[in-house]
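Asks: So that we are looking at the same thing, I have put the structure below in C-alpha cells.
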Amino acid sequence: MMPRNEPLAAYSDDPRPHGRVVRERRFYRAYGLTIASEVTLPELEPAAPGTADVVIAVGAIDLPKPSPEAATDFRFEPNRQYLAWHAVGAFLISDFSRIDIEPAPGVDDTLIAFPLLGPVMALLLHRRGLLVLHASAIAVAGRSAIFMGDKGAGKSTTASAMIRAGHQLLTDDVVALDLAHPGEPMIVPGFPQIKLAADAAAAISLGQAEVRPQVHPAIDKMQHRLNGGFSGDKVLATRIYILQRGEKADITPLPAIAALPAIIKFSYVTRFGRAALPDHFAAAHLRHCSGIANHVGVCRLEVPTGLDRIGEAVDLIERDLAAGSRRS
C-alpha cells in the first residue's frame with residue numbers, strides 16, 4: 001500500500017474512468033446547498049431538480065484501498081481529499097463541488113451515508129470556506145446553543161433534551177458556520193436528523209421522530225429523523241457550550257484565550273491532523289477559530305450525571321441564553 005499521505009497522482013482527470021455505475025440522480029437540500037446525489041439519502045430534505053452546488057457520484061476510484069489491517073487511509077492535497085474505510089468504501093472530494101464514491105463490496109447506501117454525511121461532508125464544507133465544528137446546534141428563540149465535547153460527553157443527548165423542551169434542531173454532529181460577515185457568524189442548518197444511543201432515546205422522547213434501522217452492528221447510535229422540531233433558517237451563533245459531566249448543572253464563561261484552544265480542538269478538520277490543513281488553509285482556519293472565540297460566548301457547561309437530570313441542564317441553558325439576549 002502507498003504511504004498514507006502520498007499524492008493523488010494515480011487519479012486521472014476523468015472522475016470515473018472505470019466501472020461506471022448507472023444510478024438515478026436525486027436532488028436534496030442541506031447546509032444551504034443543492035445536492036445532486038447518486039447515493040440515496042433519505043436523511044436529507046428533498047429538493048427540486050436543477051443546478052447543483054455539489055454532485056455525489058458512484059463509480060471506481062483508481063487509488064489503492066486500505067487493507068483490513070490498516071482499516072483506513074486518508075490523503076490530502078490542496079484540491080483533492082481522499083478518505084477510505086475498508087469496511088465502507090472510498091470517497092474522493094474534488095475541489096469543493098464533487099464527491100466520488102466507490103463502495104466496498106456488498107455495502108449499501110445506508111452505510112455509505114454514515115461517513116458521507118459526517119466526515120466527508122464536513123471536509124467538503126471546510127473546503128467551501130465554512131468553519132466546521134464536531135458538535136450539535138439548537139435554535140432557541142432567535143439565538144443558538146452549540147454543544148461541543150469529547151466523545152460520550154452528551155452533545156446529541158443535550159440537543160435532544162432541548163428539542164423535547166420545544167426548541168429546534170439546527171444540525172447534529174456537523175456544525176457549519178458561515179463567516180461571510182465578520183462578527184456575525186451564522187449557523188447553517190443541516191438536516192432534520194439526530195443520532196442517539198439507545199438509553200438516551202429511551203429517556204428522551206422526540207415525539208413523532210422516525211427511528212431508522214440500525215446501520216451496522218458496530219454503530220450503536222440510532223438515527224432519529226425529525227418530523228418537526230427543525231430550523232431551516234440560518235441562526236446567529238450566540239453561545240458555545242463545552243460539555244463536561246458534573247454533580248450539578250453549572251455554566252462557567254471562558255475567556256477568549258481559553259476558548260480558542262477548545263474551538264480548534266473540536267473543529268472537524270483537526271481530527272485528520274496537520275496534513276488536512278495545507279498551505280494557506282492552516283492560517284485561514286486559525287483566523288476563523290479566533291474570530292469565533294472573540295465573537296461568540298464560550299462557556300463550560302457541567303451536565304449532571306444521569307439522564308433523569310438532563311432537564312436541569314436544559315433549564316440552565318434557557319436562562320443563560322435569555323440573560324444573554326437581555327444583555328445584547
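Residues are named by chain letter and number: chains run A, B, ... in the order of the C-alpha cells, numbers start at 1 in each chain, and ligands are numbered from 1 in the order shown.
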Among stretch 139-217 of chain A, which residues carry a DSSP assignment of helix (DSSP H, G or I), reported as a PDB file with N, CA and C atoms, in the first residue's frame?

Replies:
```pdb
ATOM      1  N   LYS A 155     -23.406  15.453  23.664  1.00  0.00           N
ATOM      2  CA  LYS A 155     -23.779  16.543  22.746  1.00  0.00           C
ATOM      3  C   LYS A 155     -25.177  16.315  22.158  1.00  0.00           C
ATOM      4  N   SER A 156     -25.372  15.163  21.537  1.00  0.00           N
ATOM      5  CA  SER A 156     -26.661  14.871  20.917  1.00  0.00           C
ATOM      6  C   SER A 156     -27.747  14.678  21.966  1.00  0.00           C
ATOM      7  N   THR A 157     -27.382  14.109  23.104  1.00  0.00           N
ATOM      8  CA  THR A 157     -28.357  13.907  24.176  1.00  0.00           C
ATOM      9  C   THR A 157     -28.878  15.249  24.687  1.00  0.00           C
ATOM     10  N   THR A 158     -27.971  16.185  24.933  1.00  0.00           N
ATOM     11  CA  THR A 158     -28.380  17.505  25.399  1.00  0.00           C
ATOM     12  C   THR A 158     -29.201  18.216  24.331  1.00  0.00           C
ATOM     13  N   ALA A 159     -28.791  18.095  23.068  1.00  0.00           N
ATOM     14  CA  ALA A 159     -29.560  18.701  21.979  1.00  0.00           C
ATOM     15  C   ALA A 159     -30.962  18.099  21.919  1.00  0.00           C
ATOM     16  N   SER A 160     -31.083  16.793  22.111  1.00  0.00           N
ATOM     17  CA  SER A 160     -32.400  16.143  22.084  1.00  0.00           C
ATOM     18  C   SER A 160     -33.283  16.630  23.219  1.00  0.00           C
ATOM     19  N   ALA A 161     -32.685  16.828  24.396  1.00  0.00           N
ATOM     20  CA  ALA A 161     -33.455  17.346  25.521  1.00  0.00           C
ATOM     21  C   ALA A 161     -33.950  18.758  25.237  1.00  0.00           C
ATOM     22  N   MET A 162     -33.146  19.541  24.512  1.00  0.00           N
ATOM     23  CA  MET A 162     -33.576  20.886  24.122  1.00  0.00           C
ATOM     24  C   MET A 162     -34.736  20.808  23.115  1.00  0.00           C
ATOM     25  N   ILE A 163     -34.690  19.860  22.201  1.00  0.00           N
ATOM     26  CA  ILE A 163     -35.789  19.673  21.239  1.00  0.00           C
ATOM     27  C   ILE A 163     -37.060  19.281  21.984  1.00  0.00           C
ATOM     28  N   ARG A 164     -36.929  18.366  22.932  1.00  0.00           N
ATOM     29  CA  ARG A 164     -38.089  17.951  23.727  1.00  0.00           C
ATOM     30  C   ARG A 164     -38.697  19.147  24.462  1.00  0.00           C
ATOM     31  N   ALA A 198     -29.209   4.130  22.600  1.00  0.00           N
ATOM     32  CA  ALA A 198     -30.500   3.562  22.992  1.00  0.00           C
ATOM     33  C   ALA A 198     -30.988   4.099  24.333  1.00  0.00           C
ATOM     34  N   ASP A 199     -30.082   4.245  25.316  1.00  0.00           N
ATOM     35  CA  ASP A 199     -30.520   4.707  26.634  1.00  0.00           C
ATOM     36  C   ASP A 199     -31.011   6.149  26.586  1.00  0.00           C
ATOM     37  N   ALA A 200     -30.332   6.984  25.792  1.00  0.00           N
ATOM     38  CA  ALA A 200     -30.765   8.375  25.662  1.00  0.00           C
ATOM     39  C   ALA A 200     -32.099   8.459  24.928  1.00  0.00           C
ATOM     40  N   ALA A 201     -32.255   7.664  23.877  1.00  0.00           N
ATOM     41  CA  ALA A 201     -33.503   7.677  23.119  1.00  0.00           C
ATOM     42  C   ALA A 201     -34.675   7.221  23.984  1.00  0.00           C
ATOM     43  N   ALA A 202     -34.427   6.251  24.867  1.00  0.00           N
ATOM     44  CA  ALA A 202     -35.492   5.765  25.744  1.00  0.00           C
ATOM     45  C   ALA A 202     -35.882   6.811  26.783  1.00  0.00           C
ATOM     46  N   ALA A 203     -34.898   7.597  27.218  1.00  0.00           N
ATOM     47  CA  ALA A 203     -35.153   8.586  28.271  1.00  0.00           C
ATOM     48  C   ALA A 203     -35.713   9.897  27.731  1.00  0.00           C
TER      49      ALA A 203
END
```

Asks: For A:Ala30, please output as a PyMOL selection string all residues within 12 Å (counting only C-alpha atoms; exclusion window: fewer than 5 positions along the same chain).

Replies: chain A and resi 35-37+41-47+52-54+117+121-122+125+170-171+174-176+188-193+231-234

Asks: Write the residues you've just listed into a file as a JSON list (two decimals), in the first residue's frame, and include N, CA and C atoms for each of them.

Replies:
```json
[["chain", "number", "residue", "atom", "x", "y", "z"],
["A", 35, "ILE", "N", -27.89, 19.48, -3.58],
["A", 35, "ILE", "CA", -27.01, 18.33, -3.76],
["A", 35, "ILE", "C", -27.65, 17.35, -4.73],
["A", 36, "ALA", "N", -26.96, 17.03, -5.82],
["A", 36, "ALA", "CA", -27.40, 16.01, -6.76],
["A", 36, "ALA", "C", -26.63, 14.73, -6.44],
["A", 37, "SER", "N", -27.33, 13.70, -6.01],
["A", 37, "SER", "CA", -26.66, 12.52, -5.47],
["A", 37, "SER", "C", -27.13, 11.22, -6.12],
["A", 41, "LEU", "N", -30.28, 9.35, -0.12],
["A", 41, "LEU", "CA", -30.05, 9.99, 1.17],
["A", 41, "LEU", "C", -31.37, 10.46, 1.78],
["A", 42, "PRO", "N", -32.16, 9.53, 2.31],
["A", 42, "PRO", "CA", -33.45, 9.92, 2.91],
["A", 42, "PRO", "C", -33.29, 10.78, 4.15],
["A", 43, "GLU", "N", -32.06, 10.87, 4.68],
["A", 43, "GLU", "CA", -31.81, 11.75, 5.82],
["A", 43, "GLU", "C", -32.02, 13.22, 5.46],
["A", 44, "LEU", "N", -31.79, 13.56, 4.19],
["A", 44, "LEU", "CA", -31.82, 14.94, 3.76],
["A", 44, "LEU", "C", -33.21, 15.35, 3.29],
["A", 45, "GLU", "N", -33.41, 16.66, 3.20],
["A", 45, "GLU", "CA", -34.66, 17.19, 2.68],
["A", 45, "GLU", "C", -34.61, 17.14, 1.15],
["A", 46, "PRO", "N", -35.68, 16.67, 0.50],
["A", 46, "PRO", "CA", -35.69, 16.63, -0.97],
["A", 46, "PRO", "C", -35.72, 18.03, -1.56],
["A", 47, "ALA", "N", -35.18, 18.16, -2.76],
["A", 47, "ALA", "CA", -35.16, 19.45, -3.47],
["A", 47, "ALA", "C", -35.58, 19.22, -4.91],
["A", 52, "ALA", "N", -26.95, 22.01, -9.47],
["A", 52, "ALA", "CA", -26.47, 21.50, -8.19],
["A", 52, "ALA", "C", -25.20, 22.23, -7.76],
["A", 53, "ASP", "N", -25.11, 22.50, -6.47],
["A", 53, "ASP", "CA", -23.88, 23.04, -5.89],
["A", 53, "ASP", "C", -22.85, 21.94, -5.68],
["A", 54, "VAL", "N", -23.35, 20.74, -5.39],
["A", 54, "VAL", "CA", -22.49, 19.58, -5.11],
["A", 54, "VAL", "C", -23.05, 18.37, -5.83],
["A", 117, "LEU", "N", -22.23, 11.75, 5.24],
["A", 117, "LEU", "CA", -22.87, 12.90, 5.87],
["A", 117, "LEU", "C", -22.17, 13.33, 7.15],
["A", 121, "MET", "N", -18.69, 15.05, 4.36],
["A", 121, "MET", "CA", -19.40, 16.32, 4.18],
["A", 121, "MET", "C", -18.71, 17.44, 4.95],
["A", 122, "ALA", "N", -18.20, 17.13, 6.14],
["A", 122, "ALA", "CA", -17.51, 18.15, 6.94],
["A", 122, "ALA", "C", -16.31, 18.70, 6.19],
["A", 125, "LEU", "N", -17.49, 20.95, 3.29],
["A", 125, "LEU", "CA", -17.92, 22.25, 3.77],
["A", 125, "LEU", "C", -16.73, 23.12, 4.17],
["A", 170, "LEU", "N", -30.79, 22.59, 14.67],
["A", 170, "LEU", "CA", -30.14, 23.19, 13.51],
["A", 170, "LEU", "C", -29.31, 22.15, 12.78],
["A", 171, "THR", "N", -28.53, 21.39, 13.52],
["A", 171, "THR", "CA", -27.69, 20.37, 12.92],
["A", 171, "THR", "C", -27.08, 19.49, 14.02],
["A", 174, "VAL", "N", -22.28, 17.67, 12.68],
["A", 174, "VAL", "CA", -21.51, 18.59, 11.82],
["A", 174, "VAL", "C", -22.16, 19.97, 11.89],
["A", 175, "VAL", "N", -21.48, 20.91, 12.55],
["A", 175, "VAL", "CA", -21.98, 22.28, 12.67],
["A", 175, "VAL", "C", -21.14, 23.17, 11.75],
["A", 176, "ALA", "N", -21.79, 23.74, 10.74],
["A", 176, "ALA", "CA", -21.10, 24.60, 9.77],
["A", 176, "ALA", "C", -21.43, 26.06, 10.05],
["A", 188, "VAL", "N", -25.32, 27.37, 9.74],
["A", 188, "VAL", "CA", -26.04, 26.93, 8.55],
["A", 188, "VAL", "C", -26.80, 25.65, 8.90],
["A", 189, "PRO", "N", -28.11, 25.60, 8.70],
["A", 189, "PRO", "CA", -28.87, 24.40, 9.06],
["A", 189, "PRO", "C", -28.45, 23.20, 8.23],
["A", 190, "GLY", "N", -28.38, 22.04, 8.88],
["A", 190, "GLY", "CA", -28.00, 20.81, 8.20],
["A", 190, "GLY", "C", -29.21, 20.06, 7.68],
["A", 191, "PHE", "N", -29.66, 19.06, 8.43],
["A", 191, "PHE", "CA", -30.84, 18.30, 8.02],
["A", 191, "PHE", "C", -31.51, 17.73, 9.28],
["A", 192, "PRO", "N", -32.80, 17.39, 9.21],
["A", 192, "PRO", "CA", -33.57, 17.06, 10.41],
["A", 192, "PRO", "C", -33.36, 15.64, 10.94],
["A", 193, "GLN", "N", -32.15, 15.36, 11.36],
["A", 193, "GLN", "CA", -31.86, 14.05, 11.94],
["A", 193, "GLN", "C", -30.88, 14.21, 13.09],
["A", 231, "SER", "N", -35.07, 23.69, 12.41],
["A", 231, "SER", "CA", -34.99, 25.03, 11.86],
["A", 231, "SER", "C", -34.27, 24.99, 10.52],
["A", 232, "GLY", "N", -34.95, 25.46, 9.48],
["A", 232, "GLY", "CA", -34.33, 25.50, 8.16],
["A", 232, "GLY", "C", -33.67, 26.82, 7.84],
["A", 233, "ASP", "N", -33.63, 27.73, 8.80],
["A", 233, "ASP", "CA", -33.04, 29.05, 8.58],
["A", 233, "ASP", "C", -31.72, 29.20, 9.33],
["A", 234, "LYS", "N", -30.84, 30.00, 8.78],
["A", 234, "LYS", "CA", -29.60, 30.32, 9.48],
["A", 234, "LYS", "C", -29.91, 31.06, 10.77]]
```

Asks: Identify which of the residues A:Glu77, A:Glu102, A:Asp95, A:Glu38 lies closest to A:Leu63, counting only C-alpha atoms when measuring atom-to-atom distances.

Replies: A:Glu102

Asks: Tell me, as a list of chain:residue names, which residues lie within 6 Å of A:Ser136, counting only C-alpha atoms; anything in the same chain fewer than 3 positions away does not count.

Replies: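 The filter keeps A:Ile146, A:Phe147, A:Thr171, A:Asp172, A:Asp173.
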
Asks: Using only C-alpha atoms, pick whichever of A:Ala249, A:Ile292, A:Met148, A:Cys299 has the shortest atom-to-atom distance to A:His181.

Replies: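 When distances to A:His181 are compared using only C-alpha atoms, the smallest one comes from A:Ile292.
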
Asks: In stretch 184-309 of chain A, what's strand (DSSP E) per DSSP? Answer as number ranges by chain?

Replies: A: 186-188, 193-196, 210-211, 222-225, 235-236, 239-246, 250-253, 297-304

Asks: Export N, CA, C and O atoms of the chosen residues as a short mmCIF file (atom, residue, chain, number, x, y, z; two decimals), in the first residue's frame?

Replies:
```cif
data_model
loop_
_atom_site.label_atom_id
_atom_site.label_comp_id
_atom_site.auth_asym_id
_atom_site.auth_seq_id
_atom_site.Cartn_x
_atom_site.Cartn_y
_atom_site.Cartn_z
N MET A 186 -22.89 32.80 11.37
CA MET A 186 -24.22 32.21 11.26
C MET A 186 -24.10 30.68 11.18
O MET A 186 -23.26 30.16 10.45
N ILE A 187 -24.96 30.00 11.92
CA ILE A 187 -25.02 28.54 11.84
C ILE A 187 -25.88 28.18 10.64
O ILE A 187 -27.02 28.60 10.51
N VAL A 188 -25.32 27.37 9.74
CA VAL A 188 -26.04 26.93 8.55
C VAL A 188 -26.80 25.65 8.90
O VAL A 188 -26.19 24.68 9.37
N GLN A 193 -32.15 15.36 11.36
CA GLN A 193 -31.86 14.05 11.94
C GLN A 193 -30.88 14.21 13.09
O GLN A 193 -29.99 15.05 13.05
N ILE A 194 -31.08 13.39 14.12
CA ILE A 194 -30.18 13.38 15.25
C ILE A 194 -29.91 11.93 15.63
O ILE A 194 -30.79 11.07 15.53
N LYS A 195 -28.67 11.63 16.02
CA LYS A 195 -28.27 10.27 16.35
C LYS A 195 -28.18 10.12 17.87
O LYS A 195 -27.51 10.92 18.53
N LEU A 196 -28.83 9.06 18.39
CA LEU A 196 -28.88 8.86 19.83
C LEU A 196 -28.59 7.41 20.19
O LEU A 196 -29.01 6.49 19.49
N GLU A 210 -38.98 9.61 13.39
CA GLU A 210 -38.90 8.28 12.77
C GLU A 210 -37.54 7.67 13.09
O GLU A 210 -36.51 8.25 12.77
N VAL A 211 -37.55 6.51 13.72
CA VAL A 211 -36.30 5.82 14.06
C VAL A 211 -35.94 4.90 12.90
O VAL A 211 -36.69 3.98 12.56
N MET A 222 -28.63 5.20 17.02
CA MET A 222 -29.72 5.08 16.06
C MET A 222 -30.04 6.46 15.50
O MET A 222 -29.92 7.48 16.20
N GLN A 223 -30.46 6.49 14.25
CA GLN A 223 -30.78 7.74 13.59
C GLN A 223 -32.26 8.06 13.76
O GLN A 223 -33.12 7.25 13.43
N HIS A 224 -32.54 9.25 14.28
CA HIS A 224 -33.91 9.70 14.50
C HIS A 224 -34.19 10.85 13.55
O HIS A 224 -33.61 11.94 13.69
N ARG A 225 -35.07 10.60 12.57
CA ARG A 225 -35.42 11.67 11.63
C ARG A 225 -36.63 12.43 12.18
O ARG A 225 -37.68 11.85 12.45
N VAL A 235 -29.09 30.81 11.79
CA VAL A 235 -29.26 31.47 13.08
C VAL A 235 -27.90 31.97 13.55
O VAL A 235 -26.88 31.28 13.38
N LEU A 236 -27.88 33.16 14.11
CA LEU A 236 -26.63 33.72 14.63
C LEU A 236 -26.07 32.81 15.71
O LEU A 236 -26.78 32.37 16.61
N ARG A 239 -23.90 31.23 21.45
CA ARG A 239 -23.29 30.61 22.62
C ARG A 239 -22.76 29.22 22.27
O ARG A 239 -23.43 28.44 21.59
N ILE A 240 -21.54 28.93 22.72
CA ILE A 240 -20.95 27.60 22.60
C ILE A 240 -20.77 27.04 24.00
O ILE A 240 -20.22 27.71 24.87
N TYR A 241 -21.26 25.83 24.20
CA TYR A 241 -21.12 25.16 25.49
C TYR A 241 -20.22 23.94 25.32
O TYR A 241 -20.47 23.08 24.46
N ILE A 242 -19.16 23.88 26.13
CA ILE A 242 -18.27 22.72 26.14
C ILE A 242 -18.74 21.82 27.27
O ILE A 242 -18.66 22.20 28.45
N LEU A 243 -19.24 20.65 26.92
CA LEU A 243 -19.90 19.79 27.89
C LEU A 243 -18.91 18.99 28.72
O LEU A 243 -17.93 18.45 28.21
N GLN A 244 -19.22 18.91 30.00
CA GLN A 244 -18.49 18.05 30.94
C GLN A 244 -19.50 17.47 31.91
O GLN A 244 -20.56 18.06 32.16
N ARG A 245 -19.18 16.32 32.48
CA ARG A 245 -20.03 15.74 33.49
C ARG A 245 -19.75 16.39 34.84
O ARG A 245 -18.60 16.72 35.14
N GLY A 246 -20.80 16.60 35.64
CA GLY A 246 -20.62 17.24 36.94
C GLY A 246 -21.67 16.80 37.93
O GLY A 246 -22.59 16.04 37.60
N ASP A 250 -24.12 23.56 35.78
CA ASP A 250 -23.39 24.79 36.08
C ASP A 250 -22.76 25.30 34.79
O ASP A 250 -22.31 24.53 33.93
N ILE A 251 -22.72 26.63 34.64
CA ILE A 251 -22.12 27.28 33.46
C ILE A 251 -21.02 28.21 33.92
O ILE A 251 -21.23 29.04 34.80
N THR A 252 -19.84 28.07 33.30
CA THR A 252 -18.70 28.94 33.60
C THR A 252 -18.21 29.58 32.31
O THR A 252 -17.72 28.87 31.42
N PRO A 253 -18.32 30.90 32.15
CA PRO A 253 -17.80 31.55 30.94
C PRO A 253 -16.29 31.39 30.83
O PRO A 253 -15.57 31.41 31.83
N GLY A 297 -19.95 33.79 22.72
CA GLY A 297 -19.72 33.42 24.11
C GLY A 297 -19.44 31.93 24.24
O GLY A 297 -20.23 31.10 23.78
N VAL A 298 -18.30 31.59 24.82
CA VAL A 298 -17.92 30.19 25.01
C VAL A 298 -17.92 29.90 26.50
O VAL A 298 -17.31 30.64 27.29
N CYS A 299 -18.61 28.84 26.89
CA CYS A 299 -18.76 28.51 28.31
C CYS A 299 -18.50 27.02 28.53
O CYS A 299 -18.68 26.20 27.62
N ARG A 300 -18.09 26.71 29.72
CA ARG A 300 -18.04 25.31 30.16
C ARG A 300 -19.39 24.98 30.79
O ARG A 300 -19.88 25.71 31.66
N LEU A 301 -20.03 23.94 30.30
CA LEU A 301 -21.33 23.52 30.83
C LEU A 301 -21.20 22.17 31.51
O LEU A 301 -20.86 21.17 30.87
N GLU A 302 -21.42 22.15 32.81
CA GLU A 302 -21.44 20.89 33.54
C GLU A 302 -22.86 20.33 33.48
O GLU A 302 -23.82 21.00 33.83
N VAL A 303 -22.95 19.10 33.00
CA VAL A 303 -24.24 18.41 32.87
C VAL A 303 -24.31 17.34 33.96
O VAL A 303 -23.40 16.50 34.06
N PRO A 304 -25.35 17.35 34.78
CA PRO A 304 -25.43 16.35 35.86
C PRO A 304 -25.42 14.93 35.32
O PRO A 304 -26.01 14.64 34.27
#
```

Asks: Rank nothing, just name the residue among A:Pro185, A:Ala237, A:Ala323, A:Phe96 nearest to A:His126, using only C-alpha atoms.

Replies: A:Phe96

Asks: May I have the residues within 12 Å of A:Gly50 as a PyMOL selection string, using only C-alpha atoms and disregarding those fewer than 6 positions away in the same chain?

Replies: chain A and resi 25-29+33-36

Asks: In Å to one decimal, how far is atom CA of A:Ile101 from atom CA of A:Arg274?

Replies: 24.1 Å

Asks: Calculate how many Å separate atom CA of A:Gly273 from atom CA of A:Pro105, rounding to one decimal.

Replies: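 Going from atom CA of A:Gly273 over to atom CA of A:Pro105 covers 28.7 Å.
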
Asks: Report as JSON, numbers by chain all protein, DNA and RNA residues lying within 9 Å of A:His295, evaluated on only C-alpha atoms, omitting residues in the same chain fewer than 6 positions from it.

Replies: {"A": [182, 183, 184, 185, 237, 238, 256]}

Asks: Restricting it to N, CA and C atoms, dump the selection as a JSON list (two decimals), in the first residue's frame.

Replies:
```
[["chain", "number", "residue", "atom", "x", "y", "z"],
["A", 182, "PRO", "N", -17.95, 39.36, 9.16],
["A", 182, "PRO", "CA", -17.15, 39.34, 10.39],
["A", 182, "PRO", "C", -17.94, 39.82, 11.60],
["A", 183, "GLY", "N", -17.81, 39.08, 12.67],
["A", 183, "GLY", "CA", -18.52, 39.44, 13.89],
["A", 183, "GLY", "C", -19.93, 38.91, 13.97],
["A", 184, "GLU", "N", -20.43, 38.31, 12.87],
["A", 184, "GLU", "CA", -21.78, 37.75, 12.86],
["A", 184, "GLU", "C", -21.77, 36.34, 12.28],
["A", 185, "PRO", "N", -21.13, 35.39, 12.94],
["A", 185, "PRO", "CA", -21.10, 34.02, 12.43],
["A", 185, "PRO", "C", -22.48, 33.39, 12.48],
["A", 237, "ALA", "N", -24.77, 32.53, 15.63],
["A", 237, "ALA", "CA", -24.10, 31.73, 16.66],
["A", 237, "ALA", "C", -23.89, 32.62, 17.88],
["A", 238, "THR", "N", -24.59, 32.30, 18.96],
["A", 238, "THR", "CA", -24.54, 33.18, 20.13],
["A", 238, "THR", "C", -23.89, 32.56, 21.34],
["A", 256, "ALA", "N", -11.50, 34.44, 25.98],
["A", 256, "ALA", "CA", -11.13, 34.08, 24.60],
["A", 256, "ALA", "C", -9.85, 33.27, 24.55]]
```

Asks: Here is a test: counting only C-alpha atoms, which residue of A:Ala60, A:Ala284, A:Ile204, A:Ala70 is nearest to A:Gly129?

Replies: A:Ala284

Asks: Write out as a list in words the residues lying within 12 Å of A:Pro278, counting only C-alpha atoms and excluding same-chain residues fewer than 2 positions away.

Replies: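 Those residues are Asn5, Arg75, Phe76, Glu77, Pro78, Asn79, Arg80, Gln81, Arg127, Val269, Thr270, Phe272, Gly273, Arg274, Ala275, Ala276, His280, Phe281, Ala282, Ala283, Ala284 and His285 of chain A.
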
Asks: Can you pull out the residues contacting A:His167? Cut-off 7 Å, using only C-alpha atoms, and skip same-chain residues under 5 positions away; I want them as number ranges by chain.

Replies: A: 138-140, 162, 229

Asks: Take the residues from that selection and write them out as an mmCIF file, in the first residue's frame, keeping all heavy atoms.

Replies:
```cif
data_model
loop_
_atom_site.group_PDB
_atom_site.id
_atom_site.type_symbol
_atom_site.label_atom_id
_atom_site.label_comp_id
_atom_site.auth_asym_id
_atom_site.auth_seq_id
_atom_site.Cartn_x
_atom_site.Cartn_y
_atom_site.Cartn_z
ATOM 1 N N ILE A 138 -28.626 23.972 18.356
ATOM 2 C CA ILE A 138 -30.057 24.138 18.571
ATOM 3 C C ILE A 138 -30.411 25.615 18.441
ATOM 4 O O ILE A 138 -29.669 26.486 18.922
ATOM 5 C CB ILE A 138 -30.452 23.641 19.976
ATOM 6 C CG1 ILE A 138 -30.214 22.134 20.103
ATOM 7 C CG2 ILE A 138 -31.910 23.974 20.294
ATOM 8 C CD1 ILE A 138 -31.158 21.271 19.291
ATOM 9 N N ALA A 139 -31.536 25.909 17.799
ATOM 10 C CA ALA A 139 -32.057 27.267 17.716
ATOM 11 C C ALA A 139 -33.014 27.498 18.883
ATOM 12 O O ALA A 139 -33.907 26.681 19.134
ATOM 13 C CB ALA A 139 -32.792 27.477 16.395
ATOM 14 N N VAL A 140 -32.807 28.614 19.577
ATOM 15 C CA VAL A 140 -33.610 28.935 20.760
ATOM 16 C C VAL A 140 -34.070 30.391 20.643
ATOM 17 O O VAL A 140 -33.322 31.319 20.975
ATOM 18 C CB VAL A 140 -32.807 28.739 22.063
ATOM 19 C CG1 VAL A 140 -33.672 29.034 23.280
ATOM 20 C CG2 VAL A 140 -32.240 27.325 22.142
ATOM 21 N N MET A 162 -33.146 19.541 24.512
ATOM 22 C CA MET A 162 -33.576 20.886 24.122
ATOM 23 C C MET A 162 -34.736 20.808 23.115
ATOM 24 O O MET A 162 -35.678 21.609 23.173
ATOM 25 C CB MET A 162 -32.410 21.661 23.523
ATOM 26 C CG MET A 162 -31.277 21.967 24.489
ATOM 27 S SD MET A 162 -31.704 23.187 25.745
ATOM 28 C CE MET A 162 -31.835 24.689 24.763
ATOM 29 N N GLY A 229 -39.665 20.247 14.666
ATOM 30 C CA GLY A 229 -38.554 20.489 15.576
ATOM 31 C C GLY A 229 -37.244 20.754 14.882
ATOM 32 O O GLY A 229 -36.173 20.548 15.461
#
```

Asks: Taking only C-alpha atoms into account, which of A:Lys151, A:His216, A:Pro119, A:Leu226 comes nearest A:Gln168?

Replies: A:Leu226
